[in-house]
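What follows is one structure encoded as structure tokens, with my remarks underneath.
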Amino acid sequence: MKTTTKQKIAFSILFLCTIMVVLPVLFVLGIIIKNGWHGINWQFLTTMPKDGMRGGGIYPAIVGTLYLVSLSIVFSLPIGLLAAIYLNEYAKDNLLTRLIRLAIVNLSGVSSVVYGLFGLALFVTFMKFGVSILSGALTLAIMNLPIVITASREALASVPYSFREVSYSLGLSRWQTIRHSVLPFAIPGILTGAILSLARAAGETAPILFTVAAFYLPKLPDSIFDQAMALPYHLYIISTQIPNISTETRYATALVLVGIVFSMNIIAVVIRARLRKRKKW
Amino acid sequence: MDNAAFSITQMRVSYARKEVIKGVSVSIMPNTVTALIGPSGCGKSTFIRSLNRINDLIPSFRISGDIIYRQKDIYDKETDVVELRRRIGMVFQKPNPFPKSIYENIAYGLRIHGLNIKDTIDETVESSLKKAALWDEVKDNLKQNALTLSGGQQQRLCIARTLATQPEVILFDEPCSALDPISTAKIEELIHHLKQSYTIIIVTHNMQQAARVSEYAGFFLLGELIEFGKTQELFTAPKDKRTEDYITGRFG
Ligand SMILES: Nc1ncnc2c1ncn2[C@@H]1O[C@H](COP(=O)(O)OP(=O)(O)OP(=O)(O)O)[C@@H](O)[C@H]1O
Ligand SMILES: [Mg+2]
């Protein structure tokens, strides 16, 4: 066979695979948008549910998800970043370090319901935070740690070695070097990773199932020790537990959830693109 | 030689098990330019990178011997490595300014070293750029990103950045190998001026350059310092056959 023919066949196969990945996503999106679009209006986004959640809006679920996601990053970003700095800049390449790395890789493969149960045992029961936003956010934070650590490590590792070398040669200490000559150049990458992890946190049901999510609450939470409604769980409820609810409401809720996750991903992609453009080293 | 800047006896360096500096002894005089020449891989970079302990960053790096700088063993446990590196500055082969403004490239180190008075920082930026013969070219664009400068300008900025931390010694590792002849000439002239206030060691592959800028020269081969002496003598009347072969280009 001629090389060019071979190449063409290879390209076609690769292209087909790509399509096979993209098509289902587009399909799902298409269905959600088509069925949910008309259900979305200002009132739907900003009012409490009514009539046993068959009417009204999904405001508390949106707010709950935003609370959970923002509080979880407050825990996962600093801890994940510090862990990444330790692993990338300080840790020697020894057995312990390798075990830690292995653990991180494995943790990111653990199914989210396991995190949910872990959160229930540790935060809700043992630490007595109860079923609360705090417990849920901590559970989400733990689930996200591997992602934040991995992304931060990659961002740190992508800062050229020469930056560190110059910095040391100017008489900066190790911490000063990390703080002033490495971190500033890794921040966009770290943020991208953090936002992507948040997008995942916003969409997960299992970790919040036992730790924070409420079936229905007549008012918004007052503190982080209150329960909250959350979008994915709300969607799960109205799709499985409540009869005679309009398809439009379900799809509209799904659309809001997908929209939030999607816009987070887009923000992350935009940050990354701007970083690539600016980065000239 | 008591007044030497560096007195080195039996320096041995290895990476993992591979010995790359095999017992080098030499004294480097203050306020002179010393050039180090030799074929690729003979250990010139390793040698000068051992003088400011920047090689400490490489986990497999091992060194032995006495490396005395101003009467103090720089590998002594008591040595303040961070302070040592400030006193022994280094300019690298590839110009490596930070992706910040010209001004910030110089000011940032000063600030981290605890200098907070804006006027003093401004003055130091200006005087460093002047010493590095770059001031006239950039004085109106100090806010410009340093990466937009030409290679030669970038290298002079790196020199200015090193000067700003007020070192006593400047180590140059092939500072001109990425530059065009005009930029090279500028840097050579600069080195010539800097010699009055600094001790300079320069690694170069360019024999003419070594002859032009230095008073002392050393020839490295396979981790050994084959010959060291006055530049003029080393180039006109080398004592060792291998030195002669190398500088006349008859090297295998
Ligand atoms: N980080 C390292 N790890 C292992 N070996 C190294 C390392 N750096 C240098 N070496 C080896 O040490 C020897 C000396 O290298 P060095 O860079 O000092 O040579 P050089 O004289 O500066 O060469 P060049 O003129 O090409 O820059 C070489 O054989 C090189 O492969
Ligand atoms: Mg070298």
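Naming scheme: A, B, ... for chains in displayed order of the structure tokens; residues 1 onward per chain; ligands 1 onward as shown.
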
(Q) Using only C-alpha atoms and all ligand atoms, which residues of the polymer chains come no farther than 12 Å from ligand 2? I'd like the answer as a PyMOL selection string. (A) chain B and resi 36-49+92-94+172-175+177+202-205+220

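Contact shell of Pro167 (chain B) at 7 Å (only C-alpha atoms; same-chain neighbours under 2 positions omitted): Arg86, Arg87, Ile88, Gly89, Leu163, Thr165, Val169 and Ile170 of chain B.
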
Q: Determine which residues of chain B sit within 10 Å of chain A, taking into account only C-alpha atoms, and present them as a VMD selection string.
A: chain B and resid 49 52 to 55 57 59 81 to 92 94 to 99 108 to 110 112 to 113 147 to 148 158 161 to 167

**Q.** Long-range neighbours of region 69-80 of chain A as a ChimeraX atom specification, 7 Å cut-off, only C-alpha atoms, 4 positions minimum in chain
**A.** /A:65,84,137-138,140-142,144-145,148-149,194,198,201-202

Q: Can you pull out every residue within 7 Å of Gly151 (chain B), counting only C-alpha atoms, but drop anything in the same chain fewer than 2 positions away, and send it as a PyMOL selection string?
A: chain B and resi 95+149+153-155+179

Q: Output as a PyMOL selection string all residues of region 13-241 of chain A that backbone DSSP marks as strand (DSSP E).
A: chain A and resi 49-50+55-56

All heavy atoms of the current selection, written as a short mmCIF file (atom, residue, chain, number, x, y, z; two decimals), in the first residue's frame:
```cif
data_model
loop_
_atom_site.label_atom_id
_atom_site.label_comp_id
_atom_site.auth_asym_id
_atom_site.auth_seq_id
_atom_site.Cartn_x
_atom_site.Cartn_y
_atom_site.Cartn_z
N PRO A 49 -39.41 26.57 44.78
CA PRO A 49 -40.32 25.60 44.16
C PRO A 49 -41.72 25.69 44.78
O PRO A 49 -41.85 26.11 45.93
CB PRO A 49 -39.68 24.24 44.48
CG PRO A 49 -38.34 24.53 45.04
CD PRO A 49 -38.34 25.93 45.55
N LYS A 50 -42.72 25.29 44.03
CA LYS A 50 -44.10 25.31 44.52
C LYS A 50 -44.76 23.97 44.21
O LYS A 50 -44.23 23.18 43.44
CB LYS A 50 -44.89 26.43 43.83
CG LYS A 50 -44.67 27.80 44.45
CD LYS A 50 -45.70 28.80 43.92
CE LYS A 50 -45.77 28.85 42.43
NZ LYS A 50 -45.97 30.19 41.88
N GLY A 55 -44.07 22.99 40.39
CA GLY A 55 -44.08 24.33 39.80
C GLY A 55 -43.05 25.22 40.48
O GLY A 55 -42.21 24.75 41.25
N GLY A 56 -43.13 26.47 40.18
CA GLY A 56 -42.17 27.40 40.78
C GLY A 56 -40.81 27.28 40.16
O GLY A 56 -40.66 26.75 39.06
#
```

Q: Quick one: pull the distance between CA of Gln43 (chain A) and CA of Leu134 (chain A), Å, one decimal.
A: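 One can read the CA of Gln43 (chain A) to CA of Leu134 (chain A) distance as 28.6 Å.
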
Q. Region 113-212 of chain B: which residues are helix (DSSP H, G or I) by DSSP, as a PyMOL selection string?
A. chain B and resi 118-131+135-138+146-148+151-164+181-194+207-212

Q: Might you pull out every residue within 9 Å of Leu107 (chain A), with only C-alpha atoms counted and same-chain residues fewer than 5 positions away left off, and present them as number ranges by chain?
A: A: 102, 143, 145-146

With N, CA, C and O atoms kept, could you save the residues just selected as a PDB file, in the first residue's frame?
```pdb
ATOM      1  N   LEU A 102       1.317   7.703  43.885  1.00  0.00           N
ATOM      2  CA  LEU A 102       0.460   6.579  43.517  1.00  0.00           C
ATOM      3  C   LEU A 102      -0.905   6.739  44.169  1.00  0.00           C
ATOM      4  O   LEU A 102      -1.949   6.552  43.549  1.00  0.00           O
ATOM      5  N   MET A 143     -12.857  15.025  47.450  1.00  0.00           N
ATOM      6  CA  MET A 143     -12.978  14.366  46.149  1.00  0.00           C
ATOM      7  C   MET A 143     -12.139  15.109  45.099  1.00  0.00           C
ATOM      8  O   MET A 143     -11.558  14.503  44.206  1.00  0.00           O
ATOM      9  N   LEU A 145      -9.421  17.028  45.649  1.00  0.00           N
ATOM     10  CA  LEU A 145      -7.989  17.197  45.937  1.00  0.00           C
ATOM     11  C   LEU A 145      -7.068  16.577  44.886  1.00  0.00           C
ATOM     12  O   LEU A 145      -6.140  17.248  44.414  1.00  0.00           O
ATOM     13  N   PRO A 146      -7.315  15.320  44.497  1.00  0.00           N
ATOM     14  CA  PRO A 146      -6.396  14.741  43.501  1.00  0.00           C
ATOM     15  C   PRO A 146      -6.332  15.566  42.217  1.00  0.00           C
ATOM     16  O   PRO A 146      -5.250  15.747  41.654  1.00  0.00           O
TER      17      PRO A 146
END
```

Q | Å distance separating CA of Glu215 (chain B) from CA of Val33 (chain B), one decimal place | A | 5.7 Å

Q | Spatial neighbours of Glu89 (chain A), 9 Å, only C-alpha atoms, chain gap at least 2 places, as a list in words | A |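 The filter keeps Ala84, Ile85, Tyr86, Leu87, Ala91, Lys92, Leu156, Ala157, Arg174 and Ile178 of chain A.
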
Please, could you write that set of residues out with all heavy atoms as an mmCIF file, in the first residue's frame?
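Generated output (result_0.cif):
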```
data_model
loop_
_atom_site.group_PDB
_atom_site.id
_atom_site.type_symbol
_atom_site.label_atom_id
_atom_site.label_comp_id
_atom_site.auth_asym_id
_atom_site.auth_seq_id
_atom_site.Cartn_x
_atom_site.Cartn_y
_atom_site.Cartn_z
ATOM 1 N N ALA A 84 0.935 20.191 46.225
ATOM 2 C CA ALA A 84 1.628 20.170 44.933
ATOM 3 C C ALA A 84 2.995 20.828 45.041
ATOM 4 O O ALA A 84 3.985 20.339 44.486
ATOM 5 C CB ALA A 84 0.781 20.873 43.879
ATOM 6 N N ILE A 85 3.066 21.943 45.770
ATOM 7 C CA ILE A 85 4.357 22.618 45.942
ATOM 8 C C ILE A 85 5.326 21.675 46.654
ATOM 9 O O ILE A 85 6.473 21.514 46.250
ATOM 10 C CB ILE A 85 4.189 23.921 46.757
ATOM 11 C CG1 ILE A 85 3.453 24.947 45.911
ATOM 12 C CG2 ILE A 85 5.544 24.465 47.195
ATOM 13 C CD1 ILE A 85 3.189 26.258 46.630
ATOM 14 N N TYR A 86 4.828 21.004 47.691
ATOM 15 C CA TYR A 86 5.705 20.073 48.391
ATOM 16 C C TYR A 86 6.188 18.981 47.434
ATOM 17 O O TYR A 86 7.388 18.727 47.328
ATOM 18 C CB TYR A 86 4.989 19.444 49.583
ATOM 19 C CG TYR A 86 5.802 18.344 50.199
ATOM 20 C CD1 TYR A 86 6.911 18.642 50.977
ATOM 21 C CD2 TYR A 86 5.509 17.003 49.941
ATOM 22 C CE1 TYR A 86 7.700 17.638 51.498
ATOM 23 C CE2 TYR A 86 6.295 15.989 50.463
ATOM 24 C CZ TYR A 86 7.390 16.312 51.238
ATOM 25 O OH TYR A 86 8.177 15.311 51.737
ATOM 26 N N LEU A 87 5.251 18.386 46.715
ATOM 27 C CA LEU A 87 5.626 17.249 45.864
ATOM 28 C C LEU A 87 6.550 17.668 44.735
ATOM 29 O O LEU A 87 7.484 16.967 44.377
ATOM 30 C CB LEU A 87 4.373 16.598 45.271
ATOM 31 C CG LEU A 87 3.555 15.768 46.251
ATOM 32 C CD1 LEU A 87 2.254 15.336 45.609
ATOM 33 C CD2 LEU A 87 4.364 14.555 46.693
ATOM 34 N N ALA A 91 9.898 17.583 47.758
ATOM 35 C CA ALA A 91 10.042 16.155 48.023
ATOM 36 C C ALA A 91 11.171 15.543 47.213
ATOM 37 O O ALA A 91 11.322 15.820 46.030
ATOM 38 C CB ALA A 91 8.730 15.441 47.714
ATOM 39 N N LYS A 92 11.981 14.738 47.876
ATOM 40 C CA LYS A 92 12.985 13.972 47.147
ATOM 41 C C LYS A 92 12.278 12.817 46.462
ATOM 42 O O LYS A 92 11.201 12.406 46.871
ATOM 43 C CB LYS A 92 14.022 13.420 48.133
ATOM 44 C CG LYS A 92 14.735 14.510 48.900
ATOM 45 C CD LYS A 92 16.186 14.089 49.161
ATOM 46 C CE LYS A 92 16.982 15.224 49.750
ATOM 47 N NZ LYS A 92 16.534 15.572 51.119
ATOM 48 N N LEU A 156 3.194 23.761 37.955
ATOM 49 C CA LEU A 156 4.509 24.085 38.532
ATOM 50 C C LEU A 156 5.627 23.493 37.683
ATOM 51 O O LEU A 156 6.638 24.139 37.418
ATOM 52 C CB LEU A 156 4.609 23.544 39.958
ATOM 53 C CG LEU A 156 3.759 24.239 41.009
ATOM 54 C CD1 LEU A 156 3.743 23.445 42.303
ATOM 55 C CD2 LEU A 156 4.284 25.648 41.262
ATOM 56 N N ALA A 157 5.396 22.253 37.237
ATOM 57 C CA ALA A 157 6.448 21.579 36.465
ATOM 58 C C ALA A 157 6.657 22.256 35.110
ATOM 59 O O ALA A 157 7.733 22.155 34.525
ATOM 60 C CB ALA A 157 6.094 20.108 36.280
ATOM 61 N N ARG A 174 15.095 29.152 48.748
ATOM 62 C CA ARG A 174 14.193 28.230 48.073
ATOM 63 C C ARG A 174 12.748 28.717 48.133
ATOM 64 O O ARG A 174 12.032 28.710 47.151
ATOM 65 C CB ARG A 174 14.316 26.844 48.707
ATOM 66 C CG ARG A 174 13.236 25.965 48.204
ATOM 67 C CD ARG A 174 13.520 24.579 47.835
ATOM 68 N NE ARG A 174 14.399 23.777 48.601
ATOM 69 C CZ ARG A 174 14.543 22.470 48.326
ATOM 70 N NH1 ARG A 174 13.856 21.943 47.348
ATOM 71 N NH2 ARG A 174 15.359 21.751 49.034
ATOM 72 N N ILE A 178 10.335 29.867 45.023
ATOM 73 C CA ILE A 178 9.021 29.308 44.723
ATOM 74 C C ILE A 178 7.970 30.410 44.708
ATOM 75 O O ILE A 178 7.162 30.517 43.787
ATOM 76 C CB ILE A 178 8.653 28.225 45.749
ATOM 77 C CG1 ILE A 178 9.610 27.038 45.598
ATOM 78 C CG2 ILE A 178 7.223 27.778 45.592
ATOM 79 C CD1 ILE A 178 9.527 26.048 46.725
#
```

(Q) Which residue is closest to ligand 1? Choose from B:Ile201, B:Ile8, B:Ile68, B:Ile21 and count only C-alpha atoms and all ligand atoms. (A)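 Among B:Ile201, B:Ile8, B:Ile68, B:Ile21, it is B:Ile21 that comes nearest to ligand 1.
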
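As for CA of Phe215 (chain A) and CA of Trp37 (chain A), they are spaced 24.5 Å apart.
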